[in-house]
$ cat structure34.txt   # compact mmCIF, C-alpha atoms
# COMPACT_ATOMS: atom_id res chain seq x y z
CA MET A 1 132.07 18.69 -54.49
CA THR A 2 130.39 16.14 -52.21
CA SER A 3 129.50 12.65 -53.39
CA GLU A 4 125.78 13.40 -52.87
CA LEU A 5 125.99 16.45 -55.13
CA ARG A 6 127.88 14.48 -57.77
CA ARG A 7 125.18 11.79 -57.73
CA LEU A 8 122.48 14.44 -58.05
CA LEU A 9 124.22 16.07 -61.01
CA ALA A 10 124.74 12.67 -62.65
CA LYS A 11 121.01 11.94 -62.39
CA THR A 12 120.06 15.28 -63.95
CA SER A 13 119.29 14.67 -67.62
CA VAL A 14 120.13 16.97 -70.51
CA LEU A 15 116.43 17.81 -70.82
CA SER A 16 116.33 18.85 -67.16
CA TRP A 17 119.32 21.15 -67.67
CA ILE A 18 117.57 22.72 -70.68
CA ARG A 19 114.48 23.42 -68.58
CA ILE A 20 116.49 24.89 -65.72
CA GLY A 21 118.60 26.97 -68.08
CA LEU A 22 115.58 28.37 -69.91
CA LEU A 23 113.83 29.45 -66.71
CA THR A 24 117.06 31.01 -65.41
CA ALA A 25 117.53 32.89 -68.68
CA GLY A 26 113.95 34.14 -68.52
CA LEU A 27 114.33 35.41 -64.97
CA LEU A 28 117.60 37.14 -65.90
CA CYS A 29 115.82 38.87 -68.79
CA VAL A 30 113.39 40.39 -66.29
CA LEU A 31 115.96 41.19 -63.58
CA THR A 32 118.31 42.92 -66.01
CA GLY A 33 115.53 44.99 -67.57
CA LEU A 34 115.89 43.41 -71.02
CA LEU A 35 112.21 42.51 -70.66
CA PRO A 36 110.16 45.21 -68.93
CA THR A 37 108.28 44.07 -65.84
CA GLY A 38 104.94 45.03 -67.37
CA GLU A 39 105.50 42.85 -70.44
CA ALA A 40 106.72 39.97 -68.29
CA ALA A 41 103.61 40.22 -66.09
CA ALA A 42 101.35 40.30 -69.16
CA SER A 43 103.07 37.21 -70.56
CA MET A 44 102.68 35.34 -67.28
CA ARG A 45 99.00 36.33 -67.06
CA ARG A 46 98.47 34.93 -70.53
CA ILE A 47 99.99 31.54 -69.74
CA GLY A 48 98.58 31.25 -66.21
CA PRO A 49 95.51 29.28 -67.38
CA LEU A 50 97.78 27.16 -69.61
CA LEU A 51 100.01 26.24 -66.66
CA LEU A 52 96.96 25.34 -64.56
CA PHE A 53 95.67 23.11 -67.35
CA LEU A 54 99.03 21.49 -68.08
CA GLY A 55 99.88 20.79 -64.44
CA SER A 56 96.39 19.47 -63.66
CA VAL A 57 96.08 17.19 -66.66
CA ILE A 58 99.53 15.68 -66.03
CA VAL A 59 98.62 15.01 -62.37
CA LEU A 60 95.32 13.47 -63.48
CA ALA A 61 96.95 11.27 -66.09
CA THR A 62 99.80 10.25 -63.75
CA LEU A 63 97.37 9.12 -61.06
CA ALA A 64 95.29 7.34 -63.70
CA ARG A 65 98.38 5.44 -64.78
CA GLN A 66 99.29 4.58 -61.18
CA ALA A 67 95.74 3.27 -60.84
CA LEU A 68 96.54 1.09 -63.89
CA VAL A 69 93.90 2.72 -66.10
CA PHE A 70 96.28 3.00 -69.07
CA ASP A 71 97.74 -0.47 -68.48
CA VAL A 72 94.28 -2.04 -68.38
CA ILE A 73 93.26 -0.34 -71.64
CA ALA A 74 96.54 -1.07 -73.49
CA THR A 75 96.51 -4.74 -72.42
CA TRP A 76 92.85 -5.06 -73.37
CA LEU A 77 93.65 -3.66 -76.82
CA ALA A 78 96.42 -6.23 -77.28
CA ILE A 79 94.00 -8.99 -76.24
CA VAL A 80 91.31 -7.72 -78.62
CA GLY A 81 93.88 -7.76 -81.45
CA ARG A 82 94.15 -11.56 -80.98
CA GLY A 83 97.68 -11.77 -82.34
CA ASN A 84 96.92 -9.88 -85.57
CA TYR A 85 99.46 -7.10 -86.11
CA PHE A 86 97.25 -5.00 -88.38
CA ALA A 87 94.43 -5.06 -85.83
CA LEU A 88 96.89 -4.13 -83.07
CA PHE A 89 98.22 -1.34 -85.27
CA LEU A 90 94.75 0.17 -85.69
CA LEU A 91 93.96 -0.19 -81.98
CA CYS A 92 97.25 1.40 -80.84
CA VAL A 93 96.87 4.26 -83.31
CA GLY A 94 93.34 4.85 -82.03
CA PHE A 95 94.43 4.78 -78.37
CA ALA A 96 97.38 7.14 -78.92
CA THR A 97 95.22 9.47 -81.02
CA VAL A 98 92.43 9.70 -78.45
CA THR A 99 94.93 10.23 -75.62
CA THR A 100 96.64 13.04 -77.52
CA VAL A 101 93.41 14.71 -78.61
CA VAL A 102 91.65 14.79 -75.24
CA LEU A 103 94.44 14.56 -72.65
CA ASN A 104 97.21 16.58 -74.35
CA LEU A 105 100.24 15.44 -76.32
CA ASP A 106 102.50 15.52 -73.25
CA THR A 107 100.26 12.91 -71.60
CA THR A 108 100.86 10.61 -74.56
CA ALA A 109 104.59 11.26 -74.34
CA VAL A 110 104.97 10.95 -70.56
CA LEU A 111 102.50 8.17 -69.78
CA LEU A 112 101.47 6.21 -72.87
CA THR A 113 105.00 5.64 -74.17
CA PRO A 114 106.15 3.71 -71.06
CA VAL A 115 102.86 1.78 -71.02
CA PHE A 116 103.38 0.65 -74.61
CA LEU A 117 107.05 -0.18 -73.96
CA ALA A 118 106.07 -2.24 -70.90
CA LEU A 119 103.44 -4.05 -72.96
CA ALA A 120 105.94 -5.06 -75.66
CA PRO A 121 107.81 -7.83 -73.75
CA LYS A 122 104.58 -9.19 -72.25
CA ALA A 123 103.14 -9.84 -75.70
CA LYS A 124 106.51 -10.48 -77.40
CA ILE A 125 105.91 -7.42 -79.60
CA THR A 126 108.74 -5.49 -81.24
CA ALA A 127 109.05 -2.32 -79.16
CA LEU A 128 110.15 0.17 -81.85
CA PRO A 129 106.82 0.29 -83.76
CA LEU A 130 104.97 0.94 -80.50
CA ALA A 131 107.41 3.67 -79.50
CA MET A 132 107.23 5.42 -82.87
CA THR A 133 103.44 5.31 -82.72
CA THR A 134 103.51 7.49 -79.61
CA VAL A 135 106.40 9.70 -80.82
CA TRP A 136 104.66 10.61 -84.05
CA LEU A 137 101.02 10.69 -82.92
CA ALA A 138 101.86 12.80 -79.87
CA ASN A 139 102.63 15.50 -82.44
CA THR A 140 100.55 14.78 -85.54
CA ALA A 141 97.32 13.98 -83.62
CA SER A 142 97.41 17.25 -81.67
CA LEU A 143 95.40 19.46 -84.04
CA LEU A 144 91.75 18.78 -83.25
CA LEU A 145 90.97 20.41 -79.90
CA PRO A 146 92.37 23.37 -77.96
CA VAL A 147 93.41 21.01 -75.14
CA SER A 148 95.44 18.78 -77.46
CA ASN A 149 98.44 21.11 -77.42
CA LEU A 150 99.52 24.25 -75.58
CA THR A 151 99.96 25.97 -78.93
CA ASN A 152 96.31 25.18 -79.71
CA LEU A 153 95.18 26.94 -76.56
CA LEU A 154 97.13 30.01 -77.61
CA ALA A 155 95.77 29.90 -81.15
CA ALA A 156 92.17 29.28 -80.04
CA ASN A 157 92.37 32.32 -77.79
CA ARG A 158 93.87 34.42 -80.59
CA VAL A 159 91.13 33.54 -83.13
CA ALA A 160 88.36 33.41 -80.47
CA LEU A 161 87.26 29.80 -81.13
CA ALA A 162 85.75 27.63 -78.39
CA ALA A 163 86.38 23.87 -78.51
CA PRO A 164 83.44 22.94 -80.80
CA GLN A 165 84.24 25.73 -83.27
CA PHE A 166 87.96 24.95 -83.15
CA ALA A 167 87.24 21.27 -83.91
CA ALA A 168 84.91 22.27 -86.75
CA ARG A 169 87.75 24.27 -88.28
CA MET A 170 90.51 21.73 -87.70
CA TRP A 171 88.85 18.34 -88.31
CA ALA A 172 89.95 18.18 -91.96
CA PRO A 173 93.64 19.03 -91.28
CA GLN A 174 93.61 16.55 -88.39
CA LEU A 175 92.16 13.80 -90.58
CA ALA A 176 94.73 14.46 -93.31
CA SER A 177 97.55 14.38 -90.75
CA LEU A 178 96.31 11.11 -89.25
CA VAL A 179 96.00 9.38 -92.63
CA ALA A 180 99.56 10.41 -93.54
CA THR A 181 100.88 9.28 -90.14
CA MET A 182 99.17 5.90 -90.35
CA LEU A 183 100.58 5.34 -93.84
CA PHE A 184 104.14 6.18 -92.78
CA LEU A 185 103.86 4.20 -89.53
CA TRP A 186 102.77 1.08 -91.38
CA LEU A 187 105.33 1.35 -94.17
CA CYS A 188 108.27 2.41 -92.00
CA TYR A 189 107.73 0.40 -88.80
CA TRP A 190 104.69 -1.89 -88.64
CA ARG A 191 104.65 -3.93 -91.87
CA ARG A 192 105.97 -7.50 -91.88
CA GLY A 193 109.37 -6.60 -93.31
CA GLN A 194 110.00 -4.09 -90.52
CA ARG A 195 108.58 -5.75 -87.41
CA GLY A 196 110.00 -9.22 -88.13
CA GLU A 197 107.07 -11.37 -86.88
CA ASP A 198 103.84 -12.66 -88.42
CA ARG A 199 101.83 -12.64 -85.20
CA TYR A 200 102.19 -11.65 -81.56
CA MET A 201 101.13 -13.37 -78.36
CA PRO A 202 98.12 -11.74 -76.63
CA PRO A 203 99.11 -10.95 -73.01
CA PRO A 204 97.08 -11.99 -69.97
CA PRO A 205 94.69 -9.32 -68.67
CA VAL A 206 95.82 -6.94 -65.94
CA ARG A 207 94.72 -8.22 -62.54
CA LEU A 208 93.70 -5.60 -59.97
CA ALA A 209 94.79 -6.90 -56.58
CA GLY A 210 91.79 -6.00 -54.41
CA PRO A 211 88.81 -3.70 -53.76
CA ARG A 212 91.02 -0.62 -53.23
CA GLU A 213 92.86 -1.10 -56.51
CA ARG A 214 89.60 -1.64 -58.39
CA ALA A 215 88.05 1.44 -56.76
CA LEU A 216 91.06 3.60 -57.68
CA CYS A 217 90.98 2.36 -61.27
CA TRP A 218 87.27 3.10 -61.65
CA ILE A 219 87.36 6.49 -59.90
CA THR A 220 90.40 7.87 -61.76
CA GLY A 221 89.05 6.50 -65.03
CA ALA A 222 85.74 8.25 -64.34
CA ALA A 223 87.61 11.49 -63.53
CA CYS A 224 89.29 11.32 -66.95
CA LEU A 225 85.93 10.76 -68.64
CA LEU A 226 84.38 13.70 -66.77
CA PHE A 227 87.20 15.95 -67.94
CA ILE A 228 86.74 14.77 -71.52
CA ALA A 229 82.98 15.42 -71.30
CA ALA A 230 83.65 18.97 -70.07
CA ILE A 231 85.86 19.92 -73.04
CA PRO A 232 83.06 20.99 -75.45
CA LEU A 233 81.12 22.72 -72.67
CA ILE A 234 83.83 24.89 -71.09
CA HIS A 235 85.44 27.51 -73.29
CA ASP A 236 88.33 29.44 -71.76
CA GLN A 237 88.07 27.76 -68.34
CA ILE A 238 89.39 24.34 -69.35
CA GLY A 239 92.16 24.64 -66.76
CA TYR A 240 89.56 24.63 -63.99
CA ALA A 241 87.91 21.53 -65.46
CA ALA A 242 91.28 19.75 -65.52
CA ALA A 243 91.98 20.88 -61.94
CA ALA A 244 88.59 19.59 -60.77
CA ALA A 245 89.14 16.20 -62.41
CA ALA A 246 92.64 16.00 -60.92
CA LEU A 247 91.21 16.86 -57.50
CA VAL A 248 88.79 13.93 -57.75
CA ALA A 249 91.72 11.60 -58.42
CA VAL A 250 93.80 13.13 -55.61
CA ILE A 251 90.94 12.70 -53.10
CA ALA A 252 90.51 9.07 -54.16
CA PHE A 253 94.21 8.37 -53.59
CA ALA A 254 94.14 10.29 -50.29
CA PHE A 255 91.59 7.80 -48.96
CA LEU A 256 92.76 4.62 -50.69
CA ASP A 257 96.51 4.90 -51.36
CA ARG A 258 97.93 7.98 -49.68
CA GLU A 259 101.58 6.94 -50.15
CA LYS A 260 101.32 7.62 -53.91
CA LEU A 261 100.65 11.32 -53.29
CA HIS A 262 103.85 13.39 -53.25
CA PRO A 263 105.08 16.72 -54.68
CA ARG A 264 106.78 14.93 -57.59
CA LEU A 265 103.33 14.42 -59.11
CA ILE A 266 103.34 18.08 -60.16
CA PRO A 267 105.42 18.47 -63.35
CA TRP A 268 107.60 21.27 -61.98
CA GLN A 269 110.23 20.98 -64.69
CA LEU A 270 107.67 21.10 -67.50
CA LEU A 271 105.97 24.14 -65.94
CA SER A 272 109.32 25.89 -65.49
CA PHE A 273 110.20 25.19 -69.13
CA VAL A 274 106.99 26.84 -70.37
CA SER A 275 107.37 29.77 -67.95
CA GLY A 276 110.96 30.42 -69.02
CA LEU A 277 110.00 30.17 -72.65
CA PHE A 278 107.37 32.89 -72.34
CA LEU A 279 109.94 35.22 -70.83
CA VAL A 280 112.79 34.51 -73.25
CA VAL A 281 110.82 34.69 -76.53
CA PRO A 282 109.26 38.14 -75.83
CA THR A 283 112.73 39.41 -74.91
CA LEU A 284 114.22 38.15 -78.16
CA SER A 285 111.29 39.65 -80.07
CA ARG A 286 112.20 43.07 -78.68
CA TYR A 287 115.74 42.76 -80.04
CA GLY A 288 115.32 41.60 -83.63
CA LEU A 289 113.51 38.26 -83.55
CA GLY A 290 110.29 39.90 -84.76
CA THR A 291 112.01 41.18 -87.90
CA VAL A 292 113.46 37.76 -88.64
CA MET A 293 110.10 36.05 -88.09
CA THR A 294 108.30 38.52 -90.36
CA ALA A 295 110.80 37.72 -93.11
CA LEU A 296 110.28 33.97 -92.62
CA VAL A 297 106.53 33.75 -91.95
CA GLY A 298 105.38 36.76 -93.96
CA VAL A 299 102.07 38.61 -93.68
CA ASP A 300 100.32 37.13 -96.74
CA GLY A 301 96.80 35.85 -96.04
CA SER A 302 96.55 33.89 -99.32
CA VAL A 303 96.99 30.14 -99.83
CA LEU A 304 100.69 30.71 -100.59
CA GLY A 305 101.01 32.65 -97.34
CA ALA A 306 99.42 29.74 -95.46
CA PHE A 307 101.89 27.22 -96.89
CA ARG A 308 104.77 29.61 -96.23
CA ALA A 309 103.74 30.07 -92.59
CA ALA A 310 103.36 26.31 -92.11
CA ALA A 311 106.75 25.58 -93.67
CA ALA A 312 108.42 28.28 -91.58
CA GLY A 313 106.80 26.96 -88.40
CA ALA A 314 107.85 23.38 -89.14
CA GLY A 315 111.39 24.37 -90.10
CA LEU A 316 111.93 26.54 -87.02
CA SER A 317 110.43 23.87 -84.78
CA ASN A 318 113.06 21.39 -85.93
CA VAL A 319 115.81 23.96 -85.38
CA VAL A 320 114.85 25.35 -81.98
CA ASN A 321 111.58 23.71 -80.70
CA ASN A 322 107.94 24.12 -81.63
CA LEU A 323 106.78 26.24 -78.67
CA PRO A 324 109.18 29.15 -79.29
CA ALA A 325 108.60 28.74 -83.03
CA TYR A 326 104.86 29.18 -82.61
CA THR A 327 104.98 32.02 -80.08
CA ALA A 328 107.50 33.96 -82.17
CA GLY A 329 105.53 33.34 -85.37
CA GLU A 330 102.19 34.24 -83.81
CA ALA A 331 103.55 37.66 -82.85
CA VAL A 332 104.08 38.67 -86.48
CA VAL A 333 100.95 37.18 -88.12
CA PRO A 334 98.38 39.97 -88.72
CA PRO A 335 95.32 39.59 -86.44
CA VAL A 336 92.94 39.25 -89.41
CA ASN A 337 94.90 36.39 -91.04
CA HIS A 338 93.19 33.54 -89.20
CA ASP A 339 93.98 30.93 -91.85
CA GLN A 340 97.64 31.92 -91.91
CA LEU A 341 97.80 31.59 -88.12
CA LEU A 342 96.15 28.16 -88.19
CA ALA A 343 98.58 27.10 -90.92
CA LEU A 344 101.45 28.21 -88.68
CA LEU A 345 99.87 26.12 -85.94
CA ILE A 346 99.78 23.09 -88.23
CA GLY A 347 103.45 23.58 -89.04
CA THR A 348 104.47 23.73 -85.37
CA ASN A 349 102.25 20.77 -84.40
CA VAL A 350 102.73 18.35 -87.29
CA GLY A 351 106.23 19.37 -88.37
CA PRO A 352 108.39 18.81 -85.24
CA ILE A 353 109.10 15.11 -85.86
CA VAL A 354 112.41 15.37 -87.72
CA THR A 355 114.91 16.30 -85.00
CA PRO A 356 114.83 14.85 -81.46
CA TRP A 357 114.50 18.29 -79.82
CA ALA A 358 111.80 19.67 -82.15
CA SER A 359 109.02 19.32 -79.57
CA LEU A 360 108.91 18.63 -75.87
CA ALA A 361 106.70 15.60 -76.56
CA THR A 362 109.33 14.12 -78.88
CA LEU A 363 112.05 14.70 -76.27
CA LEU A 364 109.93 13.04 -73.57
CA CYS A 365 109.11 10.03 -75.76
CA LEU A 366 112.76 9.48 -76.67
CA GLU A 367 113.79 9.94 -73.04
CA SER A 368 111.32 7.21 -72.06
CA CYS A 369 112.76 4.94 -74.77
CA ARG A 370 116.24 5.51 -73.35
CA HIS A 371 115.08 4.63 -69.83
CA HIS A 372 113.58 1.37 -71.14
CA GLY A 373 116.76 0.45 -73.01
CA LEU A 374 115.23 0.89 -76.47
CA ARG A 375 117.62 2.32 -79.06
CA VAL A 376 115.93 4.51 -81.68
CA PRO A 377 118.26 4.76 -84.73
CA MET A 378 118.63 8.51 -85.29
CA GLY A 379 119.41 8.34 -89.01
CA ARG A 380 116.25 6.37 -89.65
CA PHE A 381 114.32 8.60 -87.25
CA VAL A 382 115.31 11.74 -89.17
CA ARG A 383 114.73 10.29 -92.66
CA ASN A 384 111.31 8.84 -91.89
CA GLY A 385 110.28 11.89 -89.88
CA LEU A 386 111.25 14.22 -92.72
CA GLY A 387 109.15 12.27 -95.20
CA LEU A 388 106.13 12.25 -92.90
CA ALA A 389 106.52 15.93 -92.00
CA VAL A 390 106.51 16.99 -95.67
CA VAL A 391 103.48 14.86 -96.61
CA ALA A 392 101.46 15.56 -93.46
CA LEU A 393 102.18 19.28 -93.64
CA ALA A 394 101.21 19.61 -97.31
CA THR A 395 97.99 17.62 -97.00
CA SER A 396 96.93 19.22 -93.71
CA VAL A 397 97.40 22.79 -94.94
CA ALA A 398 95.60 21.92 -98.18
CA ALA A 399 92.71 20.48 -96.14
CA LEU A 400 92.64 23.64 -94.00
CA TRP A 401 92.42 25.87 -97.05
CA LEU A 402 89.85 23.76 -98.91
CA THR A 403 87.51 23.76 -95.89
CA ARG A 404 87.93 27.41 -94.91
$ encode --input "structure34.txt" --output "structure tokens"
Amino acid sequence: MTSELRRLLAKTSVLSWIRIGLLTAGLLCVLTGLLPTGEAAASMRRIGPLLLFLGSVIVLATLARQALVFDVIATWLAIVGRGNYFALFLLCVGFATVTTVVLNLDTTAVLLTPVFLALAPKAKITALPLAMTTVWLANTASLLLPVSNLTNLLAANRVALAAPQFAARMWAPQLASLVATMLFLWLCYWRRGQRGEDRYMPPPPVRLAGPRERALCWITGAACLLFIAAIPLIHDQIGYAAAAAALVAVIAFAFLDREKLHPRLIPWQLLSFVSGLFLVVPTLSRYGLGTVMTALVGVDGSVLGAFRAAAAGAGLSNVVNNLPAYTAGEAVVPPVNHDQLLALLIGTNVGPIVTPWASLATLLCLESCRHHGLRVPMGRFVRNGLGLAVVALATSVAALWLTR
């Protein structure tokens, strides 16, 4: 083995190996005939628009961060807080919530987490509360819109709800989840006894070096706003809206900072993970997974069936990961049981905050913490996450049922 290959293998993270392994397993399922070609093609057709959306919104958000849009906003929030931790808490929760709702939970995980961690030393803020804000809200704030989570896009398509109708159905569960998350964040990480300081030092504002930097910041910020404005207007074509907004940002960088444009902008590993997943799960469903999922999720459309589906989705998410948990559960929920399906969605969105691998967003947030040298105590992470998952799940499903 050459030294170059050894260095490459050393740089490959566990998460990268999981993504590669899942895609390889999916391709082997098709090549060996375990998954018929027709079913594989149908699965890929279903997730094609999801991959376009996911890839485009990550490119858009990455370029926006390189243009310092997120840094400018995060620093401005810390300045507005004027050293008051409770004000900063509310502002950071609001920023992470909005980012998750309109730009997808993976954007919060990939881009907002490092922004918050970079802000911490500038303002002499304890980093762990900021990190946990993104870890938890990347999951628990992902209920409101179809674009907030890949599982939402699947569910919205299944129950035939466009963005406004989906939000009208999910606003109450989302509100309940947010209230529970804010309560646990404050008690577990943000209150005086946990953070260790009475006040923080507001950082200086971000200085954009020249006309090109200011132009990039304004243009990419405007592209994000245009995408957000398109969400309630475009139903099943949201991937094209994300691609158009990303194209605006790419063109701006092509003229003003071409060196920042490279193939690494496209989240190849994330796209391969999702592609492999939608080949492996249908294969497993053909060989017994469907029977197991029916036993766990059930086919009951009553309130008890909704809570059962949510609990099963949350439990499976923390065992294997929320995307396979949702796709496997969705396959066994009867088409007419819309409330049961949405309860399953709540379980797989709000519940995966107990184990580090429960959702891709959680993995990405914790990976970012590791890169920044922040140690997240796993015992505390699991205990606090379990408490929040139980409370948020119960209140969100109750809110879903009461507003049906």
$ residues_near_point --input "structure34.txt" --point "(93.3, -10.4, -78.5)" --cutoff "12 Å" --atoms "all atoms listed in the file" --output "list in words"
Ala74, Thr75, Trp76, Leu77, Ala78, Ile79, Val80, Gly81, Arg82, Gly83, Asn84, Tyr85, Phe86, Ala87, Leu88, Leu91, Ala123, Arg199, Tyr200, Met201, Pro202, Pro203, Pro204 and Pro205 of chain A
$ closest_residue --input "structure34.txt" --among "A:Leu105, A:Val354, A:Leu225, A:Leu153" --to "Gly239 (chain A)" --atoms "all atoms listed in the file"
A:Leu153
$ closest_residue --input "structure34.txt" --among "A:Val280, A:Val250, A:Leu154, A:Leu161" --to "Leu63 (chain A)" --atoms "only C-alpha atoms"
A:Val250
$ atom_distance --input "structure34.txt" --atom1 "CA of Ala180 (chain A)" --atom2 "CA of Leu270 (chain A)"
29.3 Å
$ residues_around --input "structure34.txt" --residues "Gly94 (chain A)" --least-positions-apart "5" --cutoff "12 Å" --atoms "all atoms listed in the file" --output "PDB file with C-alpha atoms, in the coordinates of the input"
ATOM      1  CA  ILE A  73      93.260  -0.340 -71.640  1.00  0.00           C
ATOM      2  CA  ALA A  74      96.540  -1.070 -73.490  1.00  0.00           C
ATOM      3  CA  LEU A  77      93.650  -3.660 -76.820  1.00  0.00           C
ATOM      4  CA  ALA A  87      94.430  -5.060 -85.830  1.00  0.00           C
ATOM      5  CA  LEU A  88      96.890  -4.130 -83.070  1.00  0.00           C
ATOM      6  CA  PHE A  89      98.220  -1.340 -85.270  1.00  0.00           C
ATOM      7  CA  THR A  99      94.930  10.230 -75.620  1.00  0.00           C
ATOM      8  CA  THR A 100      96.640  13.040 -77.520  1.00  0.00           C
ATOM      9  CA  VAL A 101      93.410  14.710 -78.610  1.00  0.00           C
ATOM     10  CA  THR A 133     103.440   5.310 -82.720  1.00  0.00           C
ATOM     11  CA  THR A 134     103.510   7.490 -79.610  1.00  0.00           C
ATOM     12  CA  LEU A 137     101.020  10.690 -82.920  1.00  0.00           C
ATOM     13  CA  ALA A 138     101.860  12.800 -79.870  1.00  0.00           C
ATOM     14  CA  ALA A 141      97.320  13.980 -83.620  1.00  0.00           C
ATOM     15  CA  LEU A 178      96.310  11.110 -89.250  1.00  0.00           C
ATOM     16  CA  VAL A 179      96.000   9.380 -92.630  1.00  0.00           C
ATOM     17  CA  THR A 181     100.880   9.280 -90.140  1.00  0.00           C
ATOM     18  CA  MET A 182      99.170   5.900 -90.350  1.00  0.00           C
TER      19      MET A 182
END
$ closest_residue --input "structure34.txt" --among "A:Lys260, A:Arg191, A:Arg46, A:Arg375" --to "Ser275 (chain A)" --atoms "all atoms listed in the file"
A:Arg46
$ decode --input "structure34.txt" --residues "region 70-90 of chain A" --atoms "N, CA and C atoms" --output "mmCIF file, in the first residue's frame"
data_model
loop_
_atom_site.group_PDB
_atom_site.id
_atom_site.type_symbol
_atom_site.label_atom_id
_atom_site.label_comp_id
_atom_site.auth_asym_id
_atom_site.auth_seq_id
_atom_site.Cartn_x
_atom_site.Cartn_y
_atom_site.Cartn_z
ATOM 1 N N PHE A 70 -24.067 33.550 6.244
ATOM 2 C CA PHE A 70 -24.387 32.986 7.542
ATOM 3 C C PHE A 70 -23.554 33.626 8.647
ATOM 4 N N ASP A 71 -22.289 33.929 8.363
ATOM 5 C CA ASP A 71 -21.429 34.562 9.366
ATOM 6 C C ASP A 71 -21.931 35.952 9.716
ATOM 7 N N VAL A 72 -22.349 36.699 8.704
ATOM 8 C CA VAL A 72 -22.863 38.049 8.938
ATOM 9 C C VAL A 72 -24.106 37.996 9.823
ATOM 10 N N ILE A 73 -25.023 37.068 9.507
ATOM 11 C CA ILE A 73 -26.265 36.968 10.276
ATOM 12 C C ILE A 73 -25.986 36.512 11.703
ATOM 13 N N ALA A 74 -25.166 35.455 11.875
ATOM 14 C CA ALA A 74 -24.880 34.929 13.214
ATOM 15 C C ALA A 74 -24.182 35.980 14.079
ATOM 16 N N THR A 75 -23.216 36.701 13.499
ATOM 17 C CA THR A 75 -22.516 37.737 14.254
ATOM 18 C C THR A 75 -23.462 38.873 14.610
ATOM 19 N N TRP A 76 -24.325 39.237 13.679
ATOM 20 C CA TRP A 76 -25.305 40.292 13.944
ATOM 21 C C TRP A 76 -26.245 39.894 15.084
ATOM 22 N N LEU A 77 -26.639 38.615 15.117
ATOM 23 C CA LEU A 77 -27.498 38.155 16.203
ATOM 24 C C LEU A 77 -26.786 38.274 17.553
ATOM 25 N N ALA A 78 -25.500 37.909 17.579
ATOM 26 C CA ALA A 78 -24.740 38.016 18.823
ATOM 27 C C ALA A 78 -24.590 39.470 19.259
ATOM 28 N N ILE A 79 -24.461 40.378 18.298
ATOM 29 C CA ILE A 79 -24.373 41.803 18.621
ATOM 30 C C ILE A 79 -25.711 42.310 19.149
ATOM 31 N N VAL A 80 -26.795 41.903 18.505
ATOM 32 C CA VAL A 80 -28.137 42.318 18.933
ATOM 33 C C VAL A 80 -28.428 41.824 20.347
ATOM 34 N N GLY A 81 -27.914 40.630 20.699
ATOM 35 C CA GLY A 81 -28.126 40.096 22.039
ATOM 36 C C GLY A 81 -27.490 40.918 23.133
ATOM 37 N N ARG A 82 -26.478 41.725 22.812
ATOM 38 C CA ARG A 82 -25.851 42.696 23.729
ATOM 39 C C ARG A 82 -25.394 42.064 25.040
ATOM 40 N N GLY A 83 -24.850 40.848 24.919
ATOM 41 C CA GLY A 83 -24.271 40.203 26.096
ATOM 42 C C GLY A 83 -25.254 39.443 26.948
ATOM 43 N N ASN A 84 -26.546 39.493 26.626
ATOM 44 C CA ASN A 84 -27.576 38.809 27.400
ATOM 45 C C ASN A 84 -27.761 37.389 26.859
ATOM 46 N N TYR A 85 -27.530 36.395 27.709
ATOM 47 C CA TYR A 85 -27.574 35.008 27.246
ATOM 48 C C TYR A 85 -28.979 34.569 26.845
ATOM 49 N N PHE A 86 -29.992 35.049 27.567
ATOM 50 C CA PHE A 86 -31.352 34.625 27.200
ATOM 51 C C PHE A 86 -31.750 35.203 25.847
ATOM 52 N N ALA A 87 -31.371 36.449 25.594
ATOM 53 C CA ALA A 87 -31.649 37.042 24.278
ATOM 54 C C ALA A 87 -30.905 36.284 23.186
ATOM 55 N N LEU A 88 -29.638 35.944 23.441
ATOM 56 C CA LEU A 88 -28.862 35.186 22.455
ATOM 57 C C LEU A 88 -29.490 33.812 22.233
ATOM 58 N N PHE A 89 -29.962 33.203 23.297
ATOM 59 C CA PHE A 89 -30.633 31.904 23.192
ATOM 60 C C PHE A 89 -31.828 31.988 22.241
ATOM 61 N N LEU A 90 -32.683 32.969 22.431
ATOM 62 C CA LEU A 90 -33.857 33.125 21.573
ATOM 63 C C LEU A 90 -33.461 33.400 20.130
#
